[in-house]
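query10.cif follows; it contains mmCIF, N, CA and C atoms.
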data_structure
loop_
_atom_site.label_atom_id
_atom_site.label_comp_id
_atom_site.auth_asym_id
_atom_site.auth_seq_id
_atom_site.Cartn_x
_atom_site.Cartn_y
_atom_site.Cartn_z
N MET T 30 37.01 108.18 71.71
CA MET T 30 37.73 109.40 71.58
C MET T 30 39.22 109.21 71.88
N LEU T 31 39.50 108.40 72.86
CA LEU T 31 40.89 108.12 73.19
C LEU T 31 41.59 107.40 72.04
N GLU T 32 40.86 106.47 71.44
CA GLU T 32 41.43 105.72 70.31
C GLU T 32 41.71 106.66 69.15
N SER T 33 40.83 107.56 68.88
CA SER T 33 41.00 108.52 67.80
C SER T 33 42.18 109.44 68.11
N PHE T 34 42.32 109.82 69.37
CA PHE T 34 43.45 110.66 69.76
C PHE T 34 44.77 109.90 69.57
N ALA T 35 44.82 108.64 69.94
CA ALA T 35 46.02 107.81 69.80
C ALA T 35 46.39 107.64 68.33
N GLN T 36 45.38 107.44 67.48
CA GLN T 36 45.64 107.29 66.05
C GLN T 36 46.20 108.60 65.48
N GLU T 37 45.67 109.70 65.91
CA GLU T 37 46.15 111.00 65.43
C GLU T 37 47.59 111.24 65.87
N VAL T 38 47.92 110.89 67.11
CA VAL T 38 49.30 111.03 67.61
C VAL T 38 50.22 110.11 66.82
N GLU T 39 49.77 108.89 66.56
CA GLU T 39 50.57 107.94 65.79
C GLU T 39 50.84 108.48 64.40
N ARG T 40 49.83 109.05 63.76
CA ARG T 40 49.98 109.61 62.42
C ARG T 40 50.97 110.77 62.45
N LEU T 41 50.84 111.63 63.46
CA LEU T 41 51.77 112.77 63.58
C LEU T 41 53.21 112.29 63.79
N LEU T 42 53.37 111.28 64.62
CA LEU T 42 54.71 110.73 64.85
C LEU T 42 55.28 110.10 63.59
N GLU T 43 54.46 109.40 62.82
CA GLU T 43 54.93 108.82 61.56
C GLU T 43 55.34 109.90 60.59
N GLU T 44 54.56 110.97 60.49
CA GLU T 44 54.92 112.09 59.61
C GLU T 44 56.21 112.76 60.09
N PHE T 45 56.34 112.89 61.42
CA PHE T 45 57.55 113.48 61.97
C PHE T 45 58.76 112.60 61.66
N ALA T 46 58.60 111.28 61.83
CA ALA T 46 59.70 110.35 61.54
C ALA T 46 60.08 110.41 60.07
N LYS T 47 59.06 110.47 59.20
CA LYS T 47 59.33 110.57 57.76
C LYS T 47 60.09 111.84 57.46
N GLY T 48 59.64 112.94 58.03
CA GLY T 48 60.33 114.23 57.83
C GLY T 48 61.73 114.21 58.40
N ALA T 49 61.90 113.57 59.56
CA ALA T 49 63.23 113.48 60.18
C ALA T 49 64.16 112.65 59.31
N ASN T 50 63.66 111.54 58.75
CA ASN T 50 64.47 110.71 57.86
C ASN T 50 64.90 111.49 56.63
N GLU T 51 63.98 112.23 56.05
CA GLU T 51 64.31 113.04 54.88
C GLU T 51 65.34 114.11 55.24
N ALA T 52 65.18 114.71 56.42
CA ALA T 52 66.14 115.73 56.87
C ALA T 52 67.52 115.12 57.08
N VAL T 53 67.57 113.95 57.66
CA VAL T 53 68.86 113.26 57.88
C VAL T 53 69.49 112.91 56.54
N ASP T 54 68.68 112.39 55.60
CA ASP T 54 69.20 112.07 54.28
C ASP T 54 69.76 113.30 53.61
N THR T 55 69.04 114.41 53.68
CA THR T 55 69.50 115.67 53.09
C THR T 55 70.79 116.13 53.77
N LEU T 56 70.85 116.00 55.08
CA LEU T 56 72.05 116.39 55.82
C LEU T 56 73.24 115.54 55.39
N PHE T 57 73.05 114.24 55.22
CA PHE T 57 74.14 113.37 54.77
C PHE T 57 74.60 113.76 53.36
N GLU T 58 73.67 114.00 52.45
CA GLU T 58 74.03 114.42 51.10
C GLU T 58 74.81 115.72 51.15
N TRP T 59 74.35 116.68 51.94
CA TRP T 59 75.02 117.97 52.05
C TRP T 59 76.42 117.79 52.64
N SER T 60 76.53 116.97 53.69
CA SER T 60 77.85 116.78 54.31
C SER T 60 78.80 116.08 53.36
N ASP T 61 78.31 115.14 52.54
CA ASP T 61 79.16 114.50 51.54
C ASP T 61 79.68 115.53 50.54
N GLU T 62 78.80 116.42 50.10
CA GLU T 62 79.22 117.46 49.17
C GLU T 62 80.25 118.37 49.80
N VAL T 63 80.02 118.76 51.05
CA VAL T 63 80.96 119.65 51.74
C VAL T 63 82.31 118.97 51.90
N VAL T 64 82.30 117.71 52.30
CA VAL T 64 83.55 116.97 52.48
C VAL T 64 84.27 116.84 51.14
N ASP T 65 83.55 116.51 50.07
CA ASP T 65 84.16 116.38 48.75
C ASP T 65 84.79 117.70 48.31
N GLN T 66 84.08 118.80 48.53
CA GLN T 66 84.63 120.11 48.17
C GLN T 66 85.86 120.43 49.01
N PHE T 67 85.81 120.10 50.30
CA PHE T 67 86.94 120.36 51.18
C PHE T 67 88.16 119.55 50.73
N VAL T 68 87.95 118.28 50.42
CA VAL T 68 89.05 117.42 49.98
C VAL T 68 89.64 117.95 48.67
N ASP T 69 88.78 118.37 47.75
CA ASP T 69 89.27 118.92 46.49
C ASP T 69 90.11 120.18 46.73
N GLN T 70 89.61 121.06 47.58
CA GLN T 70 90.34 122.29 47.89
C GLN T 70 91.65 121.98 48.61
N LEU T 71 91.62 121.02 49.51
CA LEU T 71 92.83 120.63 50.22
C LEU T 71 93.86 120.05 49.26
N ASN T 72 93.40 119.21 48.35
CA ASN T 72 94.31 118.64 47.34
C ASN T 72 94.93 119.73 46.47
N GLU T 73 94.10 120.67 46.04
CA GLU T 73 94.62 121.77 45.23
C GLU T 73 95.63 122.61 46.01
N ALA T 74 95.38 122.79 47.30
CA ALA T 74 96.26 123.63 48.11
C ALA T 74 97.59 122.95 48.41
N ILE T 75 97.58 121.65 48.68
CA ILE T 75 98.82 121.02 49.10
C ILE T 75 99.53 120.24 48.00
N ALA T 76 98.90 120.08 46.85
CA ALA T 76 99.52 119.30 45.76
C ALA T 76 100.89 119.86 45.36
N PRO T 77 101.05 121.17 45.17
CA PRO T 77 102.38 121.67 44.81
C PRO T 77 103.43 121.39 45.89
N GLU T 78 103.03 121.53 47.15
CA GLU T 78 103.98 121.27 48.23
C GLU T 78 104.35 119.79 48.30
N LEU T 79 103.36 118.94 48.06
CA LEU T 79 103.66 117.51 48.06
C LEU T 79 104.60 117.13 46.93
N THR T 80 104.38 117.73 45.76
CA THR T 80 105.26 117.46 44.63
C THR T 80 106.68 117.91 44.94
N GLU T 81 106.80 119.10 45.51
CA GLU T 81 108.13 119.63 45.87
C GLU T 81 108.78 118.73 46.94
N PHE T 82 107.99 118.31 47.93
CA PHE T 82 108.52 117.44 48.97
C PHE T 82 108.99 116.11 48.39
N GLU T 83 108.21 115.57 47.46
CA GLU T 83 108.58 114.30 46.82
C GLU T 83 109.91 114.45 46.08
N GLN T 84 110.10 115.57 45.40
CA GLN T 84 111.35 115.80 44.68
C GLN T 84 112.51 115.94 45.66
N GLN T 85 112.32 116.69 46.75
CA GLN T 85 113.37 116.84 47.75
C GLN T 85 113.69 115.50 48.40
N LEU T 86 112.67 114.73 48.70
CA LEU T 86 112.87 113.43 49.30
C LEU T 86 113.70 112.54 48.36
N GLY T 87 113.40 112.62 47.07
CA GLY T 87 114.16 111.85 46.10
C GLY T 87 115.63 112.24 46.10
N THR T 88 115.93 113.53 46.21
CA THR T 88 117.34 113.97 46.22
C THR T 88 118.02 113.57 47.53
N TRP T 89 117.26 113.49 48.62
CA TRP T 89 117.85 113.07 49.90
C TRP T 89 118.09 111.56 49.93
N ILE T 90 117.19 110.81 49.33
CA ILE T 90 117.26 109.35 49.42
C ILE T 90 118.23 108.76 48.39
N GLU T 91 118.40 109.43 47.27
CA GLU T 91 119.25 108.90 46.20
C GLU T 91 120.65 108.50 46.68
N PRO T 92 121.34 109.34 47.47
CA PRO T 92 122.66 108.92 47.95
C PRO T 92 122.61 107.65 48.81
N PHE T 93 121.56 107.50 49.60
CA PHE T 93 121.43 106.30 50.41
C PHE T 93 121.22 105.07 49.53
N ILE T 94 120.42 105.22 48.50
CA ILE T 94 120.18 104.11 47.58
C ILE T 94 121.48 103.70 46.89
N GLN T 95 122.25 104.69 46.47
CA GLN T 95 123.54 104.40 45.84
C GLN T 95 124.49 103.73 46.82
N ALA T 96 124.49 104.22 48.07
CA ALA T 96 125.35 103.62 49.09
C ALA T 96 124.94 102.18 49.35
N MET T 97 123.64 101.92 49.40
CA MET T 97 123.17 100.56 49.64
C MET T 97 123.55 99.64 48.47
N GLY T 98 123.53 100.19 47.25
CA GLY T 98 123.98 99.40 46.10
C GLY T 98 125.44 99.03 46.24
N GLY T 99 126.24 99.97 46.75
CA GLY T 99 127.65 99.70 46.98
C GLY T 99 127.85 98.66 48.06
N VAL T 100 127.04 98.74 49.13
CA VAL T 100 127.12 97.75 50.21
C VAL T 100 126.76 96.37 49.68
N GLU T 101 125.70 96.32 48.86
CA GLU T 101 125.29 95.03 48.29
C GLU T 101 126.39 94.44 47.43
N SER T 102 127.03 95.29 46.62
CA SER T 102 128.11 94.82 45.76
C SER T 102 129.29 94.32 46.60
N THR T 103 129.60 95.05 47.66
CA THR T 103 130.70 94.66 48.55
C THR T 103 130.39 93.33 49.23
N LEU T 104 129.15 93.18 49.70
CA LEU T 104 128.76 91.91 50.33
C LEU T 104 128.83 90.76 49.35
N THR T 105 128.37 91.01 48.13
CA THR T 105 128.42 89.97 47.10
C THR T 105 129.86 89.55 46.84
N ASP T 106 130.75 90.55 46.72
CA ASP T 106 132.16 90.25 46.50
C ASP T 106 132.77 89.51 47.69
N SER T 107 132.33 89.87 48.91
CA SER T 107 132.87 89.26 50.13
C SER T 107 132.49 87.79 50.26
N VAL T 108 131.28 87.44 49.88
CA VAL T 108 130.84 86.06 50.05
C VAL T 108 131.09 85.22 48.80
N GLN T 109 131.64 85.82 47.76
CA GLN T 109 131.85 85.07 46.52
C GLN T 109 132.73 83.84 46.71
N PRO T 110 133.85 83.93 47.46
CA PRO T 110 134.62 82.69 47.63
C PRO T 110 133.80 81.59 48.29
N PHE T 111 132.97 81.93 49.25
CA PHE T 111 132.15 80.93 49.91
C PHE T 111 131.13 80.33 48.95
N THR T 112 130.41 81.20 48.21
CA THR T 112 129.38 80.69 47.31
C THR T 112 130.00 79.89 46.17
N GLN T 113 131.18 80.30 45.71
CA GLN T 113 131.80 79.54 44.63
C GLN T 113 132.32 78.20 45.12
N THR T 114 132.55 78.10 46.42
CA THR T 114 133.01 76.83 46.96
C THR T 114 131.84 75.89 47.18
N VAL T 115 130.71 76.41 47.63
CA VAL T 115 129.56 75.58 47.98
C VAL T 115 128.67 75.27 46.78
N GLU T 116 128.36 76.26 45.96
CA GLU T 116 127.39 76.07 44.89
C GLU T 116 127.74 74.98 43.87
N PRO T 117 129.01 74.79 43.51
CA PRO T 117 129.25 73.71 42.54
C PRO T 117 128.81 72.35 43.06
N MET T 118 128.92 72.11 44.39
CA MET T 118 128.46 70.83 44.93
C MET T 118 126.96 70.69 44.72
N LEU T 119 126.23 71.81 44.93
CA LEU T 119 124.80 71.78 44.78
C LEU T 119 124.39 71.61 43.33
N ASN T 120 125.20 72.07 42.43
CA ASN T 120 124.87 72.00 41.01
C ASN T 120 125.47 70.78 40.32
N GLN T 121 126.01 69.87 41.09
CA GLN T 121 126.56 68.62 40.56
C GLN T 121 127.74 68.84 39.61
N HIS T 122 128.64 69.74 39.99
CA HIS T 122 129.87 69.98 39.22
C HIS T 122 131.04 69.84 40.18
N PRO T 123 131.38 68.61 40.59
CA PRO T 123 132.41 68.42 41.61
C PRO T 123 133.78 68.94 41.20
N ALA T 124 134.11 68.95 39.90
CA ALA T 124 135.42 69.45 39.47
C ALA T 124 135.52 70.95 39.66
N CYS T 125 134.40 71.62 39.89
CA CYS T 125 134.39 73.07 40.00
C CYS T 125 134.42 73.57 41.45
N VAL T 126 134.32 72.68 42.41
CA VAL T 126 134.25 73.07 43.81
C VAL T 126 135.50 73.86 44.18
N GLY T 127 135.29 75.09 44.64
CA GLY T 127 136.40 75.95 45.07
C GLY T 127 137.14 76.63 43.94
N CYS T 128 136.63 76.54 42.72
CA CYS T 128 137.33 77.14 41.57
C CYS T 128 136.94 78.60 41.39
N ARG T 129 137.95 79.43 41.20
CA ARG T 129 137.74 80.87 40.98
C ARG T 129 136.96 81.13 39.69
N ASN T 130 137.05 80.26 38.73
CA ASN T 130 136.41 80.47 37.43
C ASN T 130 134.94 80.04 37.38
N TYR T 131 134.46 79.41 38.46
CA TYR T 131 133.08 78.92 38.47
C TYR T 131 132.12 80.08 38.38
N HIS T 132 131.13 79.97 37.47
CA HIS T 132 130.11 81.01 37.30
C HIS T 132 128.77 80.50 37.81
N GLY T 133 128.29 79.39 37.30
CA GLY T 133 127.11 78.72 37.82
C GLY T 133 125.80 79.47 37.71
N GLN T 134 125.61 80.25 36.67
CA GLN T 134 124.35 80.97 36.48
C GLN T 134 123.65 80.43 35.23
N ALA T 135 122.32 80.45 35.28
CA ALA T 135 121.53 79.98 34.14
C ALA T 135 121.07 81.17 33.32
N TYR T 136 121.18 81.06 32.02
CA TYR T 136 120.74 82.09 31.09
C TYR T 136 119.78 81.45 30.10
N GLY T 137 118.54 81.89 30.14
CA GLY T 137 117.52 81.32 29.26
C GLY T 137 117.35 79.83 29.48
N GLY T 138 117.55 79.38 30.71
CA GLY T 138 117.38 77.97 31.02
C GLY T 138 118.62 77.13 30.77
N THR T 139 119.71 77.75 30.27
CA THR T 139 120.95 77.03 30.00
C THR T 139 122.00 77.44 31.01
N MET T 140 122.59 76.47 31.70
CA MET T 140 123.57 76.74 32.74
C MET T 140 124.93 77.04 32.12
N LEU T 141 125.54 78.14 32.55
CA LEU T 141 126.92 78.47 32.18
C LEU T 141 127.77 78.19 33.40
N VAL T 142 128.54 77.11 33.33
CA VAL T 142 129.35 76.68 34.48
C VAL T 142 130.56 77.59 34.61
N CYS T 143 131.32 77.76 33.53
CA CYS T 143 132.44 78.70 33.53
C CYS T 143 132.76 79.07 32.08
N GLY T 144 133.63 80.06 31.93
CA GLY T 144 133.97 80.53 30.58
C GLY T 144 134.78 79.53 29.78
N MET T 145 135.65 78.77 30.45
CA MET T 145 136.48 77.80 29.74
C MET T 145 135.70 76.54 29.38
N HIS T 146 134.80 76.15 30.26
CA HIS T 146 134.03 74.92 30.06
C HIS T 146 132.56 75.23 30.35
N PRO T 147 131.85 75.77 29.36
CA PRO T 147 130.47 76.23 29.58
C PRO T 147 129.53 75.18 30.16
N SER T 148 129.75 73.92 29.83
CA SER T 148 128.89 72.85 30.35
C SER T 148 129.50 72.17 31.56
N GLY T 149 130.66 72.60 31.98
CA GLY T 149 131.34 71.99 33.12
C GLY T 149 132.35 70.95 32.66
N TRP T 150 133.25 70.56 33.55
CA TRP T 150 134.27 69.56 33.25
C TRP T 150 133.77 68.21 33.72
N GLU T 151 133.89 67.19 32.89
CA GLU T 151 133.30 65.89 33.18
C GLU T 151 134.11 65.04 34.16
N SER T 152 135.42 65.11 34.11
CA SER T 152 136.22 64.27 35.02
C SER T 152 136.43 64.98 36.35
N GLU T 153 137.18 64.32 37.26
CA GLU T 153 137.33 64.85 38.61
C GLU T 153 138.21 66.08 38.69
N GLN T 154 139.20 66.22 37.82
CA GLN T 154 140.11 67.36 37.89
C GLN T 154 140.09 68.13 36.59
N CYS T 155 139.76 69.43 36.71
CA CYS T 155 139.72 70.32 35.55
C CYS T 155 141.11 70.92 35.35
N PRO T 156 141.60 70.97 34.13
CA PRO T 156 142.94 71.53 33.89
C PRO T 156 143.00 73.04 34.12
N ASP T 157 141.85 73.71 34.15
CA ASP T 157 141.83 75.17 34.33
C ASP T 157 141.42 75.59 35.74
N TRP T 158 141.38 74.65 36.67
CA TRP T 158 140.94 74.94 38.03
C TRP T 158 141.93 75.88 38.73
N GLU T 159 141.38 76.96 39.34
CA GLU T 159 142.17 77.90 40.15
C GLU T 159 141.45 78.09 41.47
N SER T 160 142.20 78.10 42.55
CA SER T 160 141.59 78.18 43.88
C SER T 160 140.95 79.55 44.13
N THR T 161 139.78 79.51 44.70
CA THR T 161 139.08 80.72 45.13
C THR T 161 139.77 81.30 46.35
N TRP T 162 140.37 80.46 47.14
CA TRP T 162 140.96 80.86 48.42
C TRP T 162 142.46 81.12 48.31
N SER T 163 142.89 81.71 47.20
CA SER T 163 144.32 81.95 47.02
C SER T 163 144.83 82.95 48.06
N ALA T 164 146.12 82.89 48.38
CA ALA T 164 146.71 83.73 49.42
C ALA T 164 146.69 85.20 49.06
N GLY T 165 146.60 85.58 47.80
CA GLY T 165 146.61 86.97 47.37
C GLY T 165 145.32 87.71 47.65
N ASP T 166 144.24 87.00 47.93
CA ASP T 166 142.94 87.67 48.16
C ASP T 166 142.88 88.14 49.53
#
Structure re-expressed in structure tokens:
Amino acid sequence: MLESFAQEVERLLEEFAKGANEAVDTLFEWSDEVVDQFVDQLNEAIAPELTEFEQQLGTWIEPFIQAMGGVESTLTDSVQPFTQTVEPMLNQHPACVGCRNYHGQAYGGTMLVCGMHPSGWESEQCPDWESTWSAGD
């Protein structure tokens, strides 16, 4: 009789566990639906404000971006004498070291050394050499 009672309790507990698992699964499905609906409603409610904020942020940031572009241009202009003095050595154009006319940029894989001598000057002294460090700068 005790064994039969234990088996009956075990069966009841298994049925309870099965029912509890189904209830938990249903609760999870329901909570997922509720959360999805809440997120959708929240998105619908705040989307216009976010769009407006994004536009305002763009108008606030634009002057800073323009200012930073100006700073970058100023820095580039400030270090140009230094880079024009150093880069020709690195690019194997010794006649161009310190020359104001040195360009040293590659376009489509072809190096443009300067406007007067696109491939660079072959001998030690270029007839068009002008100092980057002139007193007028």
Margin query: Report, in Å to a single decimal, how far apart atom N of Cys125 in chain T and CA of Glu153 in chain T are.
Written below: 7.5 Å
Checklist line | d(atom N of Val53 in chain T, CA of Leu41 in chain T) in Å | finding: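 Result for atom N of Val53 in chain T versus CA of Leu41 in chain T: 16.9 Å, one decimal.
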Check: atom N of Glu44 in chain T to atom C of Glu32 in chain T: how many Å, to one decimal?
Finding: 16.1 Å
Fewer than 2 positions away in the same chain doesn't count, so skip those; otherwise give me all residues within 5 Å of range 129-139 of chain T, counting all atoms listed in the file, as a CSV table (one decimal) with N, CA and C atoms, in the coordinates of the input.
chain,number,residue,atom,x,y,z
T,127,GLY,N,135.3,75.1,44.6
T,127,GLY,CA,136.4,76.0,45.1
T,127,GLY,C,137.1,76.6,43.9
T,141,LEU,N,125.5,78.1,32.6
T,141,LEU,CA,126.9,78.5,32.2
T,141,LEU,C,127.8,78.2,33.4
T,142,VAL,N,128.5,77.1,33.3
T,142,VAL,CA,129.4,76.7,34.5
T,142,VAL,C,130.6,77.6,34.6
T,143,CYS,N,131.3,77.8,33.5
T,143,CYS,CA,132.4,78.7,33.5
T,143,CYS,C,132.8,79.1,32.1
T,159,GLU,N,141.4,77.0,39.3
T,159,GLU,CA,142.2,77.9,40.2
T,159,GLU,C,141.4,78.1,41.5
T,160,SER,N,142.2,78.1,42.6
T,160,SER,CA,141.6,78.2,43.9
T,160,SER,C,141.0,79.6,44.1
T,161,THR,N,139.8,79.5,44.7
T,161,THR,CA,139.1,80.7,45.1
T,161,THR,C,139.8,81.3,46.4
Note to self: Going by DSSP on the backbone, which residues of chain T come out as alpha helix (DSSP H)? List them as a count of residues only.
What the structure shows: 89
